[in-house]
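Data from entry-v8.pdb: PDB, N, CA and C atoms
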ATOM      1  N   ASP A   1     -66.090  53.816 -75.350
ATOM      2  CA  ASP A   1     -66.651  54.816 -74.474
ATOM      3  C   ASP A   1     -66.805  54.230 -73.073
ATOM      4  N   LYS A   2     -66.592  55.083 -72.094
ATOM      5  CA  LYS A   2     -66.710  54.637 -70.712
ATOM      6  C   LYS A   2     -66.997  55.801 -69.787
ATOM      7  N   VAL A   3     -67.519  55.452 -68.619
ATOM      8  CA  VAL A   3     -67.737  56.416 -67.550
ATOM      9  C   VAL A   3     -66.691  56.091 -66.488
ATOM     10  N   VAL A   4     -65.817  57.047 -66.229
ATOM     11  CA  VAL A   4     -64.726  56.846 -65.277
ATOM     12  C   VAL A   4     -65.231  57.188 -63.876
ATOM     13  N   ILE A   5     -64.840  56.353 -62.896
ATOM     14  CA  ILE A   5     -65.306  56.516 -61.519
ATOM     15  C   ILE A   5     -64.107  56.700 -60.596
ATOM     16  N   TYR A   6     -64.191  57.731 -59.757
ATOM     17  CA  TYR A   6     -63.137  58.024 -58.795
ATOM     18  C   TYR A   6     -63.687  57.964 -57.379
ATOM     19  N   ARG A   7     -62.807  57.712 -56.428
ATOM     20  CA  ARG A   7     -63.136  57.811 -55.009
ATOM     21  C   ARG A   7     -62.601  59.145 -54.507
ATOM     22  N   PHE A   8     -63.362  59.769 -53.623
ATOM     23  CA  PHE A   8     -62.963  61.048 -53.048
ATOM     24  C   PHE A   8     -62.637  60.864 -51.575
ATOM     25  N   ASP A   9     -61.439  61.258 -51.180
ATOM     26  CA  ASP A   9     -61.018  61.201 -49.782
ATOM     27  C   ASP A   9     -61.333  62.550 -49.144
ATOM     28  N   GLU A  10     -62.320  62.567 -48.255
ATOM     29  CA  GLU A  10     -62.745  63.828 -47.638
ATOM     30  C   GLU A  10     -61.647  64.464 -46.793
ATOM     31  N   LYS A  11     -60.780  63.672 -46.210
ATOM     32  CA  LYS A  11     -59.723  64.209 -45.342
ATOM     33  C   LYS A  11     -58.628  64.899 -46.134
ATOM     34  N   THR A  12     -58.237  64.289 -47.257
ATOM     35  CA  THR A  12     -57.122  64.839 -48.041
ATOM     36  C   THR A  12     -57.580  65.646 -49.247
ATOM     37  N   GLY A  13     -58.837  65.446 -49.662
ATOM     38  CA  GLY A  13     -59.341  66.120 -50.854
ATOM     39  C   GLY A  13     -58.852  65.483 -52.141
ATOM     40  N   ARG A  14     -58.275  64.306 -52.047
ATOM     41  CA  ARG A  14     -57.719  63.639 -53.236
ATOM     42  C   ARG A  14     -58.725  62.714 -53.901
ATOM     43  N   LEU A  15     -58.590  62.645 -55.221
ATOM     44  CA  LEU A  15     -59.347  61.691 -56.027
ATOM     45  C   LEU A  15     -58.422  60.557 -56.409
ATOM     46  N   THR A  16     -58.922  59.326 -56.317
ATOM     47  CA  THR A  16     -58.169  58.161 -56.777
ATOM     48  C   THR A  16     -59.104  57.294 -57.609
ATOM     49  N   PRO A  17     -58.571  56.636 -58.638
ATOM     50  CA  PRO A  17     -59.424  55.768 -59.453
ATOM     51  C   PRO A  17     -60.065  54.669 -58.603
ATOM     52  N   ASN A  18     -61.338  54.424 -58.848
ATOM     53  CA  ASN A  18     -62.038  53.343 -58.167
ATOM     54  C   ASN A  18     -61.544  52.010 -58.710
ATOM     55  N   ASP A  19     -61.925  50.918 -58.065
ATOM     56  CA  ASP A  19     -61.616  49.584 -58.571
ATOM     57  C   ASP A  19     -62.933  48.819 -58.672
ATOM     58  N   PRO A  20     -63.494  48.670 -59.862
ATOM     59  CA  PRO A  20     -62.941  49.021 -61.181
ATOM     60  C   PRO A  20     -62.996  50.529 -61.426
ATOM     61  N   ALA A  21     -62.104  50.986 -62.284
ATOM     62  CA  ALA A  21     -61.932  52.422 -62.532
ATOM     63  C   ALA A  21     -62.966  53.003 -63.494
ATOM     64  N   PHE A  22     -63.724  52.161 -64.167
ATOM     65  CA  PHE A  22     -64.719  52.676 -65.118
ATOM     66  C   PHE A  22     -65.762  51.620 -65.406
ATOM     67  N   THR A  23     -66.835  52.063 -66.047
ATOM     68  CA  THR A  23     -67.848  51.158 -66.577
ATOM     69  C   THR A  23     -68.034  51.498 -68.052
ATOM     70  N   LYS A  24     -68.135  50.484 -68.874
ATOM     71  CA  LYS A  24     -68.261  50.696 -70.321
ATOM     72  C   LYS A  24     -69.702  50.999 -70.709
ATOM     73  N   VAL A  25     -69.831  51.791 -71.770
ATOM     74  CA  VAL A  25     -71.113  52.053 -72.406
ATOM     75  C   VAL A  25     -70.961  51.718 -73.884
ATOM     76  N   ASN A  26     -72.046  51.774 -74.636
ATOM     77  CA  ASN A  26     -71.982  51.457 -76.063
ATOM     78  C   ASN A  26     -70.965  52.344 -76.770
ATOM     79  N   GLY A  27     -70.129  51.730 -77.588
ATOM     80  CA  GLY A  27     -69.126  52.468 -78.339
ATOM     81  C   GLY A  27     -69.741  53.520 -79.240
ATOM     82  N   GLY A  28     -69.143  54.712 -79.243
ATOM     83  CA  GLY A  28     -69.621  55.784 -80.098
ATOM     84  C   GLY A  28     -70.819  56.544 -79.557
ATOM     85  N   SER A  29     -71.214  56.261 -78.320
ATOM     86  CA  SER A  29     -72.397  56.933 -77.776
ATOM     87  C   SER A  29     -72.073  58.279 -77.132
ATOM     88  N   GLY A  30     -70.874  58.457 -76.659
ATOM     89  CA  GLY A  30     -70.433  59.753 -76.142
ATOM     90  C   GLY A  30     -71.042  60.188 -74.828
ATOM     91  N   PRO A  31     -70.777  59.458 -73.713
ATOM     92  CA  PRO A  31     -71.310  59.911 -72.431
ATOM     93  C   PRO A  31     -70.792  61.304 -72.093
ATOM     94  N   ARG A  32     -71.707  62.189 -71.672
ATOM     95  CA  ARG A  32     -71.316  63.573 -71.444
ATOM     96  C   ARG A  32     -71.590  64.063 -70.033
ATOM     97  N   HIS A  33     -72.767  63.813 -69.528
ATOM     98  CA  HIS A  33     -73.149  64.375 -68.231
ATOM     99  C   HIS A  33     -73.848  63.299 -67.410
ATOM    100  N   LEU A  34     -73.557  63.277 -66.108
ATOM    101  CA  LEU A  34     -74.148  62.295 -65.204
ATOM    102  C   LEU A  34     -75.006  62.994 -64.154
ATOM    103  N   ALA A  35     -76.029  62.279 -63.685
ATOM    104  CA  ALA A  35     -76.862  62.788 -62.597
ATOM    105  C   ALA A  35     -77.378  61.604 -61.788
ATOM    106  N   PHE A  36     -77.362  61.762 -60.476
ATOM    107  CA  PHE A  36     -77.899  60.738 -59.590
ATOM    108  C   PHE A  36     -79.384  60.978 -59.338
ATOM    109  N   HIS A  37     -80.124  59.892 -59.229
ATOM    110  CA  HIS A  37     -81.506  59.961 -58.787
ATOM    111  C   HIS A  37     -81.477  60.401 -57.319
ATOM    112  N   PRO A  38     -82.482  61.137 -56.859
ATOM    113  CA  PRO A  38     -82.482  61.576 -55.464
ATOM    114  C   PRO A  38     -82.346  60.446 -54.439
ATOM    115  N   ASN A  39     -82.776  59.227 -54.776
ATOM    116  CA  ASN A  39     -82.655  58.126 -53.819
ATOM    117  C   ASN A  39     -81.242  57.541 -53.762
ATOM    118  N   GLY A  40     -80.348  57.984 -54.663
ATOM    119  CA  GLY A  40     -78.959  57.532 -54.651
ATOM    120  C   GLY A  40     -78.730  56.133 -55.196
ATOM    121  N   MET A  41     -79.787  55.475 -55.675
ATOM    122  CA  MET A  41     -79.656  54.102 -56.166
ATOM    123  C   MET A  41     -79.414  54.001 -57.663
ATOM    124  N   TRP A  42     -79.691  55.078 -58.385
ATOM    125  CA  TRP A  42     -79.531  55.058 -59.835
ATOM    126  C   TRP A  42     -78.708  56.241 -60.296
ATOM    127  N   LEU A  43     -77.981  56.002 -61.349
ATOM    128  CA  LEU A  43     -77.155  57.021 -61.981
ATOM    129  C   LEU A  43     -77.568  57.085 -63.440
ATOM    130  N   TYR A  44     -77.736  58.282 -63.954
ATOM    131  CA  TYR A  44     -78.151  58.465 -65.339
ATOM    132  C   TYR A  44     -77.046  59.180 -66.112
ATOM    133  N   ALA A  45     -76.882  58.822 -67.368
ATOM    134  CA  ALA A  45     -75.886  59.465 -68.227
ATOM    135  C   ALA A  45     -76.536  59.868 -69.535
ATOM    136  N   VAL A  46     -76.345  61.126 -69.934
ATOM    137  CA  VAL A  46     -76.819  61.552 -71.242
ATOM    138  C   VAL A  46     -75.709  61.238 -72.240
ATOM    139  N   GLN A  47     -76.093  60.636 -73.357
ATOM    140  CA  GLN A  47     -75.158  60.234 -74.406
ATOM    141  C   GLN A  47     -75.229  61.276 -75.516
ATOM    142  N   GLU A  48     -74.173  62.054 -75.643
ATOM    143  CA  GLU A  48     -74.173  63.186 -76.566
ATOM    144  C   GLU A  48     -74.293  62.778 -78.032
ATOM    145  N   ILE A  49     -73.640  61.719 -78.424
ATOM    146  CA  ILE A  49     -73.619  61.333 -79.841
ATOM    147  C   ILE A  49     -74.845  60.499 -80.222
ATOM    148  N   SER A  50     -75.233  59.569 -79.358
ATOM    149  CA  SER A  50     -76.368  58.695 -79.690
ATOM    150  C   SER A  50     -77.718  59.275 -79.268
ATOM    151  N   ASN A  51     -77.732  60.459 -78.643
ATOM    152  CA  ASN A  51     -78.988  61.100 -78.224
ATOM    153  C   ASN A  51     -79.834  60.175 -77.356
ATOM    154  N   GLU A  52     -79.229  59.665 -76.299
ATOM    155  CA  GLU A  52     -79.922  58.772 -75.379
ATOM    156  C   GLU A  52     -79.606  59.156 -73.937
ATOM    157  N   VAL A  53     -80.469  58.715 -73.047
ATOM    158  CA  VAL A  53     -80.187  58.736 -71.621
ATOM    159  C   VAL A  53     -80.169  57.278 -71.191
ATOM    160  N   ILE A  54     -79.083  56.870 -70.537
ATOM    161  CA  ILE A  54     -78.973  55.489 -70.078
ATOM    162  C   ILE A  54     -78.961  55.471 -68.553
ATOM    163  N   ALA A  55     -79.380  54.347 -67.993
ATOM    164  CA  ALA A  55     -79.483  54.213 -66.533
ATOM    165  C   ALA A  55     -78.525  53.140 -66.026
ATOM    166  N   PHE A  56     -77.987  53.401 -64.848
ATOM    167  CA  PHE A  56     -77.111  52.461 -64.155
ATOM    168  C   PHE A  56     -77.682  52.190 -62.767
ATOM    169  N   ASN A  57     -77.477  50.993 -62.271
ATOM    170  CA  ASN A  57     -77.673  50.724 -60.849
ATOM    171  C   ASN A  57     -76.391  51.182 -60.170
ATOM    172  N   TRP A  58     -76.513  51.976 -59.105
ATOM    173  CA  TRP A  58     -75.347  52.532 -58.427
ATOM    174  C   TRP A  58     -75.159  51.846 -57.073
ATOM    175  N   ASP A  59     -73.966  51.308 -56.852
ATOM    176  CA  ASP A  59     -73.597  50.707 -55.572
ATOM    177  C   ASP A  59     -72.640  51.677 -54.890
ATOM    178  N   SER A  60     -73.150  52.465 -53.961
ATOM    179  CA  SER A  60     -72.323  53.500 -53.336
ATOM    180  C   SER A  60     -71.232  52.920 -52.448
ATOM    181  N   ALA A  61     -71.456  51.754 -51.873
ATOM    182  CA  ALA A  61     -70.437  51.140 -51.013
ATOM    183  C   ALA A  61     -69.210  50.728 -51.821
ATOM    184  N   ARG A  62     -69.421  50.195 -53.012
ATOM    185  CA  ARG A  62     -68.316  49.754 -53.868
ATOM    186  C   ARG A  62     -67.905  50.803 -54.890
ATOM    187  N   GLY A  63     -68.766  51.798 -55.113
ATOM    188  CA  GLY A  63     -68.465  52.811 -56.123
ATOM    189  C   GLY A  63     -68.573  52.271 -57.532
ATOM    190  N   THR A  64     -69.552  51.386 -57.754
ATOM    191  CA  THR A  64     -69.704  50.781 -59.074
ATOM    192  C   THR A  64     -71.048  51.130 -59.701
ATOM    193  N   ALA A  65     -71.018  51.273 -61.003
ATOM    194  CA  ALA A  65     -72.222  51.546 -61.791
ATOM    195  C   ALA A  65     -72.417  50.385 -62.756
ATOM    196  N   THR A  66     -73.563  49.737 -62.665
ATOM    197  CA  THR A  66     -73.884  48.604 -63.537
ATOM    198  C   THR A  66     -74.969  49.038 -64.507
ATOM    199  N   LEU A  67     -74.657  48.971 -65.787
ATOM    200  CA  LEU A  67     -75.592  49.388 -66.823
ATOM    201  C   LEU A  67     -76.856  48.538 -66.769
ATOM    202  N   THR A  68     -78.016  49.201 -66.791
ATOM    203  CA  THR A  68     -79.286  48.486 -66.842
ATOM    204  C   THR A  68     -79.715  48.373 -68.301
ATOM    205  N   ASN A  69     -80.860  47.787 -68.528
ATOM    206  CA  ASN A  69     -81.383  47.709 -69.892
ATOM    207  C   ASN A  69     -82.323  48.875 -70.178
ATOM    208  N   ARG A  70     -82.263  49.934 -69.369
ATOM    209  CA  ARG A  70     -83.146  51.089 -69.547
ATOM    210  C   ARG A  70     -82.438  52.184 -70.324
ATOM    211  N   THR A  71     -82.968  52.474 -71.502
ATOM    212  CA  THR A  71     -82.435  53.522 -72.365
ATOM    213  C   THR A  71     -83.600  54.324 -72.922
ATOM    214  N   SER A  72     -83.452  55.631 -72.941
ATOM    215  CA  SER A  72     -84.485  56.497 -73.513
ATOM    216  C   SER A  72     -83.860  57.423 -74.542
ATOM    217  N   ARG A  73     -84.506  57.549 -75.687
ATOM    218  CA  ARG A  73     -84.047  58.485 -76.715
ATOM    219  C   ARG A  73     -84.385  59.900 -76.288
ATOM    220  N   THR A  74     -83.513  60.858 -76.617
ATOM    221  CA  THR A  74     -83.773  62.248 -76.260
ATOM    222  C   THR A  74     -84.497  62.997 -77.370
ATOM    223  N   ILE A  75     -84.539  62.425 -78.561
ATOM    224  CA  ILE A  75     -85.277  63.001 -79.686
ATOM    225  C   ILE A  75     -85.951  61.880 -80.457
ATOM    226  N   VAL A  76     -86.932  62.230 -81.258
ATOM    227  CA  VAL A  76     -87.600  61.226 -82.088
ATOM    228  C   VAL A  76     -86.752  60.948 -83.328
ATOM    229  N   ASN A  77     -86.895  59.764 -83.885
ATOM    230  CA  ASN A  77     -86.080  59.350 -85.033
ATOM    231  C   ASN A  77     -86.275  60.215 -86.276
ATOM    232  N   CYS A  78     -87.420  60.855 -86.411
ATOM    233  CA  CYS A  78     -87.681  61.646 -87.616
ATOM    234  C   CYS A  78     -87.082  63.053 -87.528
ATOM    235  N   HIS A  79     -86.446  63.369 -86.429
ATOM    236  CA  HIS A  79     -85.824  64.685 -86.253
ATOM    237  C   HIS A  79     -84.710  64.844 -87.289
ATOM    238  N   SER A  80     -84.726  65.928 -88.062
ATOM    239  CA  SER A  80     -83.787  66.071 -89.178
ATOM    240  C   SER A  80     -82.591  66.975 -88.869
ATOM    241  N   ARG A  81     -82.624  67.711 -87.793
ATOM    242  CA  ARG A  81     -81.523  68.604 -87.471
ATOM    243  C   ARG A  81     -80.552  67.913 -86.517
ATOM    244  N   ARG A  82     -79.324  68.372 -86.518
ATOM    245  CA  ARG A  82     -78.313  67.814 -85.618
ATOM    246  C   ARG A  82     -78.693  68.131 -84.182
ATOM    247  N   SER A  83     -78.538  67.171 -83.311
ATOM    248  CA  SER A  83     -78.868  67.343 -81.910
ATOM    249  C   SER A  83     -77.775  66.743 -81.049
ATOM    250  N   THR A  84     -77.337  67.473 -80.033
ATOM    251  CA  THR A  84     -76.342  66.953 -79.103
ATOM    252  C   THR A  84     -76.742  67.355 -77.689
ATOM    253  N   PRO A  85     -77.390  66.445 -76.951
ATOM    254  CA  PRO A  85     -77.792  66.767 -75.595
ATOM    255  C   PRO A  85     -76.574  67.060 -74.726
ATOM    256  N   ARG A  86     -76.742  67.997 -73.766
ATOM    257  CA  ARG A  86     -75.608  68.424 -72.961
ATOM    258  C   ARG A  86     -75.679  68.028 -71.509
ATOM    259  N   ARG A  87     -76.856  68.030 -70.925
ATOM    260  CA  ARG A  87     -76.918  67.760 -69.495
ATOM    261  C   ARG A  87     -78.278  67.213 -69.081
ATOM    262  N   LEU A  88     -78.288  66.709 -67.860
ATOM    263  CA  LEU A  88     -79.515  66.213 -67.226
ATOM    264  C   LEU A  88     -79.864  67.137 -66.085
ATOM    265  N   ARG A  89     -81.136  67.239 -65.794
ATOM    266  CA  ARG A  89     -81.570  68.049 -64.640
ATOM    267  C   ARG A  89     -82.395  67.211 -63.700
TER     268      ARG A  89
END

Take the structure in this file and express it as structure tokens.
Amino acid sequence: DKVVIYRFDEKTGRLTPNDPAFTKVNGGSGPRHLAFHPNGMWLYAVQEISNEVIAFNWDSARGTATLTNRTSRTIVNCHSRRSTPRRLR
């Protein structure tokens, strides 16, 4: 599993893969939706399969996301029904 990162050229409207082109997350976690913190320093990803929200340090100059050790579960472990988080707000 990975979060793919692109650069956007405002003049041409083109997307090109960043260097590095992605950042890895835990295998089988299923990153689905991303959201930036209002300060622009952190990026959050909801993990659809593992029911977690993970945090990245975001370097806007380089276009890189570095996984932090901050992870939050979206449901409690005793939850018995299937759950698949879809987005962050």

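When the PyMOL selection byres ((chain A and resi 3) around 6.5) is run on the displayed coordinates, the residues it returns are Asp1, Lys2, Val4, Ile5, Ala21, Phe22, Thr23, Lys24 and Val25 of chain A.
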
Preceding selection exported with N, CA and C atoms as a PDB file, in the frame of the given file:
ATOM      1  N   ASP A   1     -66.090  53.816 -75.350  1.00  0.00           N
ATOM      2  CA  ASP A   1     -66.651  54.816 -74.474  1.00  0.00           C
ATOM      3  C   ASP A   1     -66.805  54.230 -73.073  1.00  0.00           C
ATOM      4  N   LYS A   2     -66.592  55.083 -72.094  1.00  0.00           N
ATOM      5  CA  LYS A   2     -66.710  54.637 -70.712  1.00  0.00           C
ATOM      6  C   LYS A   2     -66.997  55.801 -69.787  1.00  0.00           C
ATOM      7  N   VAL A   4     -65.817  57.047 -66.229  1.00  0.00           N
ATOM      8  CA  VAL A   4     -64.726  56.846 -65.277  1.00  0.00           C
ATOM      9  C   VAL A   4     -65.231  57.188 -63.876  1.00  0.00           C
ATOM     10  N   ILE A   5     -64.840  56.353 -62.896  1.00  0.00           N
ATOM     11  CA  ILE A   5     -65.306  56.516 -61.519  1.00  0.00           C
ATOM     12  C   ILE A   5     -64.107  56.700 -60.596  1.00  0.00           C
ATOM     13  N   ALA A  21     -62.104  50.986 -62.284  1.00  0.00           N
ATOM     14  CA  ALA A  21     -61.932  52.422 -62.532  1.00  0.00           C
ATOM     15  C   ALA A  21     -62.966  53.003 -63.494  1.00  0.00           C
ATOM     16  N   PHE A  22     -63.724  52.161 -64.167  1.00  0.00           N
ATOM     17  CA  PHE A  22     -64.719  52.676 -65.118  1.00  0.00           C
ATOM     18  C   PHE A  22     -65.762  51.620 -65.406  1.00  0.00           C
ATOM     19  N   THR A  23     -66.835  52.063 -66.047  1.00  0.00           N
ATOM     20  CA  THR A  23     -67.848  51.158 -66.577  1.00  0.00           C
ATOM     21  C   THR A  23     -68.034  51.498 -68.052  1.00  0.00           C
ATOM     22  N   LYS A  24     -68.135  50.484 -68.874  1.00  0.00           N
ATOM     23  CA  LYS A  24     -68.261  50.696 -70.321  1.00  0.00           C
ATOM     24  C   LYS A  24     -69.702  50.999 -70.709  1.00  0.00           C
ATOM     25  N   VAL A  25     -69.831  51.791 -71.770  1.00  0.00           N
ATOM     26  CA  VAL A  25     -71.113  52.053 -72.406  1.00  0.00           C
ATOM     27  C   VAL A  25     -70.961  51.718 -73.884  1.00  0.00           C
TER      28      VAL A  25
END

**OP:** Could you state which residues are captured by the PyMOL selection byres (((chain A and resi 46 and name CA) around 6) and name CA) in this file, as a VMD selection string?
**Re:** chain A and resid 31 to 33 45 47 52 to 53

Those residues with N, CA and C atoms, as a PDB file, keeping the file's coordinate frame please?
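As written to disk, result39.pdb reads:
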ATOM      1  N   PRO A  31     -70.777  59.458 -73.713  1.00  0.00           N
ATOM      2  CA  PRO A  31     -71.310  59.911 -72.431  1.00  0.00           C
ATOM      3  C   PRO A  31     -70.792  61.304 -72.093  1.00  0.00           C
ATOM      4  N   ARG A  32     -71.707  62.189 -71.672  1.00  0.00           N
ATOM      5  CA  ARG A  32     -71.316  63.573 -71.444  1.00  0.00           C
ATOM      6  C   ARG A  32     -71.590  64.063 -70.033  1.00  0.00           C
ATOM      7  N   HIS A  33     -72.767  63.813 -69.528  1.00  0.00           N
ATOM      8  CA  HIS A  33     -73.149  64.375 -68.231  1.00  0.00           C
ATOM      9  C   HIS A  33     -73.848  63.299 -67.410  1.00  0.00           C
ATOM     10  N   ALA A  45     -76.882  58.822 -67.368  1.00  0.00           N
ATOM     11  CA  ALA A  45     -75.886  59.465 -68.227  1.00  0.00           C
ATOM     12  C   ALA A  45     -76.536  59.868 -69.535  1.00  0.00           C
ATOM     13  N   GLN A  47     -76.093  60.636 -73.357  1.00  0.00           N
ATOM     14  CA  GLN A  47     -75.158  60.234 -74.406  1.00  0.00           C
ATOM     15  C   GLN A  47     -75.229  61.276 -75.516  1.00  0.00           C
ATOM     16  N   GLU A  52     -79.229  59.665 -76.299  1.00  0.00           N
ATOM     17  CA  GLU A  52     -79.922  58.772 -75.379  1.00  0.00           C
ATOM     18  C   GLU A  52     -79.606  59.156 -73.937  1.00  0.00           C
ATOM     19  N   VAL A  53     -80.469  58.715 -73.047  1.00  0.00           N
ATOM     20  CA  VAL A  53     -80.187  58.736 -71.621  1.00  0.00           C
ATOM     21  C   VAL A  53     -80.169  57.278 -71.191  1.00  0.00           C
TER      22      VAL A  53
END

What's the 7 Å shell around Thr16 in chain A, counting only N, CA and C atoms, without same-chain residues fewer than 6 positions away, as a PDB file with N, CA and C atoms, in the frame of the given file?
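The resulting file, around-v4.pdb, is reproduced below:
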ATOM      1  N   ILE A   5     -64.840  56.353 -62.896  1.00  0.00           N
ATOM      2  CA  ILE A   5     -65.306  56.516 -61.519  1.00  0.00           C
ATOM      3  C   ILE A   5     -64.107  56.700 -60.596  1.00  0.00           C
ATOM      4  N   TYR A   6     -64.191  57.731 -59.757  1.00  0.00           N
ATOM      5  CA  TYR A   6     -63.137  58.024 -58.795  1.00  0.00           C
ATOM      6  C   TYR A   6     -63.687  57.964 -57.379  1.00  0.00           C
ATOM      7  N   ARG A   7     -62.807  57.712 -56.428  1.00  0.00           N
ATOM      8  CA  ARG A   7     -63.136  57.811 -55.009  1.00  0.00           C
ATOM      9  C   ARG A   7     -62.601  59.145 -54.507  1.00  0.00           C
ATOM     10  N   PHE A   8     -63.362  59.769 -53.623  1.00  0.00           N
ATOM     11  CA  PHE A   8     -62.963  61.048 -53.048  1.00  0.00           C
ATOM     12  C   PHE A   8     -62.637  60.864 -51.575  1.00  0.00           C
ATOM     13  N   ASP A   9     -61.439  61.258 -51.180  1.00  0.00           N
ATOM     14  CA  ASP A   9     -61.018  61.201 -49.782  1.00  0.00           C
ATOM     15  C   ASP A   9     -61.333  62.550 -49.144  1.00  0.00           C
TER      16      ASP A   9
END

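Nearest to Gly28 in chain A of all the residues A:Ser60, A:Trp42, A:Gly13, A:Glu48 is A:Glu48, based on all atoms listed in the file.
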
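In this structure, atom C of Thr68 in chain A sits 19.4 Å away from atom C of Asp19 in chain A.
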
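Within the 10 Å cut-off around Arg70 in chain A, using only C-alpha atoms and omitting residues fewer than 2 positions from it on the same chain, the listed residues are A:Tyr44, A:Val53, A:Ile54, A:Ala55, A:Phe56, A:Leu67, A:Thr68, A:Ser72.
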
Output as a tab-separated table (two decimals) with N, CA and C atoms, in the frame of the given file all residues of range 12-42 of chain A that backbone DSSP marks as strand (DSSP E or B).
chain	number	residue	atom	x	y	z
A	15	LEU	N	-58.59	62.64	-55.22
A	15	LEU	CA	-59.35	61.69	-56.03
A	15	LEU	C	-58.42	60.56	-56.41
A	16	THR	N	-58.92	59.33	-56.32
A	16	THR	CA	-58.17	58.16	-56.78
A	16	THR	C	-59.10	57.29	-57.61
A	17	PRO	N	-58.57	56.64	-58.64
A	17	PRO	CA	-59.42	55.77	-59.45
A	17	PRO	C	-60.06	54.67	-58.60
A	18	ASN	N	-61.34	54.42	-58.85
A	18	ASN	CA	-62.04	53.34	-58.17
A	18	ASN	C	-61.54	52.01	-58.71
A	19	ASP	N	-61.92	50.92	-58.06
A	19	ASP	CA	-61.62	49.58	-58.57
A	19	ASP	C	-62.93	48.82	-58.67
A	20	PRO	N	-63.49	48.67	-59.86
A	20	PRO	CA	-62.94	49.02	-61.18
A	20	PRO	C	-63.00	50.53	-61.43
A	21	ALA	N	-62.10	50.99	-62.28
A	21	ALA	CA	-61.93	52.42	-62.53
A	21	ALA	C	-62.97	53.00	-63.49
A	22	PHE	N	-63.72	52.16	-64.17
A	22	PHE	CA	-64.72	52.68	-65.12
A	22	PHE	C	-65.76	51.62	-65.41
A	23	THR	N	-66.83	52.06	-66.05
A	23	THR	CA	-67.85	51.16	-66.58
A	23	THR	C	-68.03	51.50	-68.05
A	24	LYS	N	-68.14	50.48	-68.87
A	24	LYS	CA	-68.26	50.70	-70.32
A	24	LYS	C	-69.70	51.00	-70.71
A	31	PRO	N	-70.78	59.46	-73.71
A	31	PRO	CA	-71.31	59.91	-72.43
A	31	PRO	C	-70.79	61.30	-72.09
A	32	ARG	N	-71.71	62.19	-71.67
A	32	ARG	CA	-71.32	63.57	-71.44
A	32	ARG	C	-71.59	64.06	-70.03
A	33	HIS	N	-72.77	63.81	-69.53
A	33	HIS	CA	-73.15	64.38	-68.23
A	33	HIS	C	-73.85	63.30	-67.41
A	34	LEU	N	-73.56	63.28	-66.11
A	34	LEU	CA	-74.15	62.30	-65.20
A	34	LEU	C	-75.01	62.99	-64.15
A	35	ALA	N	-76.03	62.28	-63.68
A	35	ALA	CA	-76.86	62.79	-62.60
A	35	ALA	C	-77.38	61.60	-61.79
A	36	PHE	N	-77.36	61.76	-60.48
A	36	PHE	CA	-77.90	60.74	-59.59
A	36	PHE	C	-79.38	60.98	-59.34
A	42	TRP	N	-79.69	55.08	-58.38
A	42	TRP	CA	-79.53	55.06	-59.84
A	42	TRP	C	-78.71	56.24	-60.30

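Between CA of Asn69 in chain A and CA of Leu43 in chain A lies a distance of 12.9 Å.
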
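Between CA of Thr12 in chain A and CA of Gly63 in chain A the separation is 18.4 Å.
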
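When all atoms listed in the file are used to measure the gap to Trp58 in chain A, the shortest distance among A:Ser29, A:Gly40, A:Asn18, A:Glu10 belongs to A:Gly40.
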
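Of the residues listed (A:Lys11, A:Thr71, A:Pro20, A:Ala65), A:Ala65 shows the shortest atom-to-atom separation from Phe36 in chain A; distances use only C-alpha atoms.
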